[in-house]
Amino acid sequence: MPNYNICKTCGTIFETERGYRDFCDSCRVPYKKPEVLPKPQLKYKPRKCKFCGAVIKQPKKAQRVCDECRTPAKRKSNAERFRAIQQRVAEAQRKAQPQKPALTIEEVNRMALSMGLTYGQFMAKYGG
Ligand SMILES: [Zn+2]
Ligand SMILES: [Zn+2]
């Protein structure tokens, strides 16, 4: 048996088969699931992939390697490449350091004389 209700919004008398309703069909607000907002994710500044230099636009946490370089196969070759680069850098640094020139006896003698010392005195003071 149909019921007659008056819409609380527009006042229209409408028929409904299921009990009492406050609003007519056109005023009824369809039930909406509350929107689930995605959790705000911590944003990290874009940084460069340490292997290929590609910019990681949205790095996760401490991500330093782009997705492409993170595949296992790449990871291995990259690790090797990275080691090679480190070695090259270390080598370059070693070469860049001026090496103590080995003095010849004559040079030592000259220095000793210029300081008023004998070779023996000079070596005792500065040698070894
Ligand atoms: Zn209505
Ligand atoms: Zn990369």
# chains A, B, ... in the order shown; residues from 1 in each chain; ligands from 1
$ residues_near_ligand --ligand "ligand 1" --cutoff "10 Å" --atoms "only C-alpha atoms and all ligand atoms" --output "ChimeraX atom specification"
/A:6-14,22-28
$ write_last_selection --atoms "N, CA and C atoms" --output "compact mmCIF listing (two decimals), in the first residue's frame"
# COMPACT_ATOMS: atom_id res chain seq x y z
N ILE A 6 5.01 14.35 2.11
CA ILE A 6 5.24 15.70 1.61
C ILE A 6 6.73 15.96 1.67
N CYS A 7 7.24 16.39 0.56
CA CYS A 7 8.68 16.65 0.50
C CYS A 7 9.00 17.86 1.37
N LYS A 8 9.99 17.71 2.20
CA LYS A 8 10.37 18.80 3.10
C LYS A 8 11.06 19.94 2.38
N THR A 9 11.52 19.64 1.20
CA THR A 9 12.23 20.69 0.48
C THR A 9 11.30 21.48 -0.41
N CYS A 10 10.54 20.78 -1.28
CA CYS A 10 9.73 21.52 -2.25
C CYS A 10 8.24 21.46 -1.98
N GLY A 11 7.82 20.63 -0.98
CA GLY A 11 6.41 20.59 -0.63
C GLY A 11 5.56 19.71 -1.52
N THR A 12 6.13 19.09 -2.48
CA THR A 12 5.39 18.22 -3.38
C THR A 12 4.89 16.98 -2.63
N ILE A 13 3.67 16.61 -2.92
CA ILE A 13 3.17 15.36 -2.34
C ILE A 13 3.59 14.24 -3.28
N PHE A 14 4.24 13.28 -2.74
CA PHE A 14 4.71 12.19 -3.58
C PHE A 14 4.39 10.85 -2.95
N ASP A 22 11.40 11.82 3.71
CA ASP A 22 11.36 13.27 3.87
C ASP A 22 11.37 14.01 2.55
N PHE A 23 11.98 13.43 1.57
CA PHE A 23 12.17 14.18 0.32
C PHE A 23 11.68 13.40 -0.89
N CYS A 24 11.19 14.16 -1.88
CA CYS A 24 10.76 13.53 -3.11
C CYS A 24 11.98 13.10 -3.92
N ASP A 25 11.72 12.36 -4.97
CA ASP A 25 12.84 11.84 -5.74
C ASP A 25 13.76 12.93 -6.28
N SER A 26 13.15 14.05 -6.68
CA SER A 26 14.01 15.07 -7.29
C SER A 26 14.79 15.86 -6.25
N CYS A 27 14.34 15.83 -4.98
CA CYS A 27 15.08 16.55 -3.95
C CYS A 27 16.01 15.66 -3.16
N ARG A 28 15.77 14.36 -3.28
CA ARG A 28 16.58 13.45 -2.50
C ARG A 28 18.03 13.51 -2.97
$ closest_atom_pairs --of "chain A" --to "ligand 2" --cutoff "12 Å" --atoms "only C-alpha atoms and all ligand atoms" --output "tab-separated table"
residue	atom	partner	partner_atom_place_in_ligand_line	distance
A:Arg47	CA	ligand 2	1 (Zn)	10.7
A:Lys48	CA	ligand 2	1 (Zn)	7.9
A:Cys49	CA	ligand 2	1 (Zn)	4.7
A:Lys50	CA	ligand 2	1 (Zn)	6.6
A:Phe51	CA	ligand 2	1 (Zn)	5.0
A:Cys52	CA	ligand 2	1 (Zn)	4.0
A:Gly53	CA	ligand 2	1 (Zn)	5.9
A:Ala54	CA	ligand 2	1 (Zn)	5.3
A:Val55	CA	ligand 2	1 (Zn)	8.0
A:Ile56	CA	ligand 2	1 (Zn)	8.3
A:Lys57	CA	ligand 2	1 (Zn)	11.9
A:Pro59	CA	ligand 2	1 (Zn)	11.9
A:Gln63	CA	ligand 2	1 (Zn)	10.8
A:Arg64	CA	ligand 2	1 (Zn)	8.5
A:Val65	CA	ligand 2	1 (Zn)	5.4
A:Cys66	CA	ligand 2	1 (Zn)	4.2
A:Asp67	CA	ligand 2	1 (Zn)	6.7
A:Glu68	CA	ligand 2	1 (Zn)	5.6
A:Cys69	CA	ligand 2	1 (Zn)	4.4
A:Arg70	CA	ligand 2	1 (Zn)	7.5
A:Thr71	CA	ligand 2	1 (Zn)	9.9
A:Lys74	CA	ligand 2	1 (Zn)	9.0
A:Arg75	CA	ligand 2	1 (Zn)	9.5
A:Ser77	CA	ligand 2	1 (Zn)	11.6
A:Asn78	CA	ligand 2	1 (Zn)	8.8
A:Ala79	CA	ligand 2	1 (Zn)	11.6
A:Phe82	CA	ligand 2	1 (Zn)	11.7
$ write_last_selection --atoms "C-alpha atoms" --output "short mmCIF file (atom, residue, chain, number, x, y, z; two decimals), in the first residue's frame"
data_model
loop_
_atom_site.label_atom_id
_atom_site.label_comp_id
_atom_site.auth_asym_id
_atom_site.auth_seq_id
_atom_site.Cartn_x
_atom_site.Cartn_y
_atom_site.Cartn_z
CA ARG A 47 66.92 14.50 -7.29
CA LYS A 48 69.20 12.93 -9.75
CA CYS A 49 69.75 9.25 -10.15
CA LYS A 50 73.21 8.48 -8.91
CA PHE A 51 73.79 6.08 -11.74
CA CYS A 52 72.40 7.53 -14.92
CA GLY A 53 71.75 11.11 -13.78
CA ALA A 54 68.11 10.97 -14.78
CA VAL A 55 65.94 13.23 -12.66
CA ILE A 56 63.73 11.38 -10.20
CA LYS A 57 60.74 13.70 -10.06
CA PRO A 59 61.65 10.23 -5.11
CA GLN A 63 65.53 6.99 -3.23
CA ARG A 64 68.66 7.85 -5.10
CA VAL A 65 68.28 5.58 -8.04
CA CYS A 66 65.71 5.99 -10.76
CA ASP A 67 63.24 3.21 -11.48
CA GLU A 68 65.04 2.23 -14.59
CA CYS A 69 68.28 1.67 -12.75
CA ARG A 70 66.56 -0.27 -10.01
CA THR A 71 65.97 -3.44 -11.99
CA LYS A 74 70.85 -2.89 -14.03
CA ARG A 75 71.62 -2.70 -10.39
CA SER A 77 76.05 -3.37 -13.75
CA ASN A 78 75.48 -0.02 -12.15
CA ALA A 79 77.21 -1.08 -8.97
CA PHE A 82 79.82 3.09 -9.79
#
$ residues_around --residues "stretch 122-124 of chain A" --least-positions-apart "4" --cutoff "12 Å" --atoms "only C-alpha atoms" --output "list in words"
Leu103, Ile105, Glu107, Val108, Asn109, Arg110, Met111, Ala112, Leu113, Ser114, Met115, Gly116, Leu117, Thr118 and Gly128 of chain A
$ write_last_selection --atoms "C-alpha atoms" --output "short mmCIF file (atom, residue, chain, number, x, y, z; two decimals), in the first residue's frame"
data_model
loop_
_atom_site.label_atom_id
_atom_site.label_comp_id
_atom_site.auth_asym_id
_atom_site.auth_seq_id
_atom_site.Cartn_x
_atom_site.Cartn_y
_atom_site.Cartn_z
CA LEU A 103 116.22 15.47 -3.64
CA ILE A 105 122.65 14.76 -2.91
CA GLU A 107 120.45 19.60 -4.11
CA VAL A 108 120.64 18.71 -0.44
CA ASN A 109 124.19 19.98 -0.35
CA ARG A 110 123.22 23.26 -1.94
CA MET A 111 120.36 23.72 0.50
CA ALA A 112 122.61 22.84 3.42
CA LEU A 113 125.23 25.33 2.29
CA SER A 114 122.69 28.07 1.78
CA MET A 115 121.63 27.55 5.36
CA GLY A 116 125.19 27.47 6.64
CA LEU A 117 125.06 23.83 7.51
CA THR A 118 127.06 20.84 6.45
CA GLY A 128 114.74 11.09 7.31
#
$ atom_distance --atom1 "atom CA of A:Ile85" --atom2 "atom CA of A:Tyr44"
26.7 Å
$ decode --residues "stretch 28-124 of chain A" --atoms "C-alpha atoms" --output "compact mmCIF listing (two decimals), in the first residue's frame"
# COMPACT_ATOMS: atom_id res chain seq x y z
CA ARG A 28 16.58 13.45 -2.50
CA VAL A 29 20.27 13.68 -2.38
CA PRO A 30 21.70 10.44 -3.58
CA TYR A 31 23.72 8.81 -0.90
CA LYS A 32 27.32 9.47 -1.48
CA LYS A 33 30.13 7.56 0.01
CA PRO A 34 32.31 9.90 1.94
CA GLU A 35 35.23 10.64 -0.22
CA VAL A 36 38.36 8.97 0.92
CA LEU A 37 41.11 11.40 0.39
CA PRO A 38 44.38 9.89 -0.52
CA LYS A 39 46.86 10.16 2.28
CA PRO A 40 49.11 13.08 1.68
CA GLN A 41 52.40 11.67 0.68
CA LEU A 42 55.58 13.16 1.84
CA LYS A 43 57.08 14.94 -1.06
CA TYR A 44 60.75 14.84 -1.62
CA LYS A 45 62.58 17.19 -3.83
CA PRO A 46 63.47 15.88 -7.24
CA ARG A 47 66.92 14.50 -7.29
CA LYS A 48 69.20 12.93 -9.75
CA CYS A 49 69.75 9.25 -10.15
CA LYS A 50 73.21 8.48 -8.91
CA PHE A 51 73.79 6.08 -11.74
CA CYS A 52 72.40 7.53 -14.92
CA GLY A 53 71.75 11.11 -13.78
CA ALA A 54 68.11 10.97 -14.78
CA VAL A 55 65.94 13.23 -12.66
CA ILE A 56 63.73 11.38 -10.20
CA LYS A 57 60.74 13.70 -10.06
CA GLN A 58 59.10 12.20 -6.99
CA PRO A 59 61.65 10.23 -5.11
CA LYS A 60 60.42 7.96 -2.37
CA LYS A 61 62.15 8.53 0.92
CA ALA A 62 65.83 8.10 0.35
CA GLN A 63 65.53 6.99 -3.23
CA ARG A 64 68.66 7.85 -5.10
CA VAL A 65 68.28 5.58 -8.04
CA CYS A 66 65.71 5.99 -10.76
CA ASP A 67 63.24 3.21 -11.48
CA GLU A 68 65.04 2.23 -14.59
CA CYS A 69 68.28 1.67 -12.75
CA ARG A 70 66.56 -0.27 -10.01
CA THR A 71 65.97 -3.44 -11.99
CA PRO A 72 68.21 -6.21 -10.65
CA ALA A 73 70.18 -6.58 -13.85
CA LYS A 74 70.85 -2.89 -14.03
CA ARG A 75 71.62 -2.70 -10.39
CA LYS A 76 74.51 -5.07 -10.77
CA SER A 77 76.05 -3.37 -13.75
CA ASN A 78 75.48 -0.02 -12.15
CA ALA A 79 77.21 -1.08 -8.97
CA GLU A 80 80.17 -2.09 -11.05
CA ARG A 81 80.11 1.13 -12.98
CA PHE A 82 79.82 3.09 -9.79
CA ARG A 83 82.80 1.32 -8.32
CA ALA A 84 84.80 2.00 -11.45
CA ILE A 85 83.93 5.67 -11.24
CA GLN A 86 84.97 5.78 -7.59
CA GLN A 87 88.22 4.14 -8.48
CA ARG A 88 88.84 6.64 -11.25
CA VAL A 89 88.15 9.51 -8.89
CA ALA A 90 90.45 8.07 -6.25
CA GLU A 91 93.14 7.59 -8.86
CA ALA A 92 92.76 11.13 -10.12
CA GLN A 93 92.99 12.47 -6.60
CA ARG A 94 96.10 10.45 -5.95
CA LYS A 95 97.72 11.76 -9.12
CA ALA A 96 96.72 15.32 -8.36
CA GLN A 97 98.60 15.25 -5.10
CA PRO A 98 102.06 16.62 -5.59
CA GLN A 99 104.59 14.04 -4.72
CA LYS A 100 107.53 14.95 -2.61
CA PRO A 101 110.33 15.27 -5.05
CA ALA A 102 113.27 13.19 -4.06
CA LEU A 103 116.22 15.47 -3.64
CA THR A 104 119.55 14.56 -5.08
CA ILE A 105 122.65 14.76 -2.91
CA GLU A 106 123.76 17.88 -4.75
CA GLU A 107 120.45 19.60 -4.11
CA VAL A 108 120.64 18.71 -0.44
CA ASN A 109 124.19 19.98 -0.35
CA ARG A 110 123.22 23.26 -1.94
CA MET A 111 120.36 23.72 0.50
CA ALA A 112 122.61 22.84 3.42
CA LEU A 113 125.23 25.33 2.29
CA SER A 114 122.69 28.07 1.78
CA MET A 115 121.63 27.55 5.36
CA GLY A 116 125.19 27.47 6.64
CA LEU A 117 125.06 23.83 7.51
CA THR A 118 127.06 20.84 6.45
CA TYR A 119 125.41 17.96 4.66
CA GLY A 120 125.55 15.93 7.87
CA GLN A 121 124.06 18.68 10.00
CA PHE A 122 121.34 19.29 7.45
CA MET A 123 120.41 15.61 7.26
CA ALA A 124 120.42 15.36 11.04
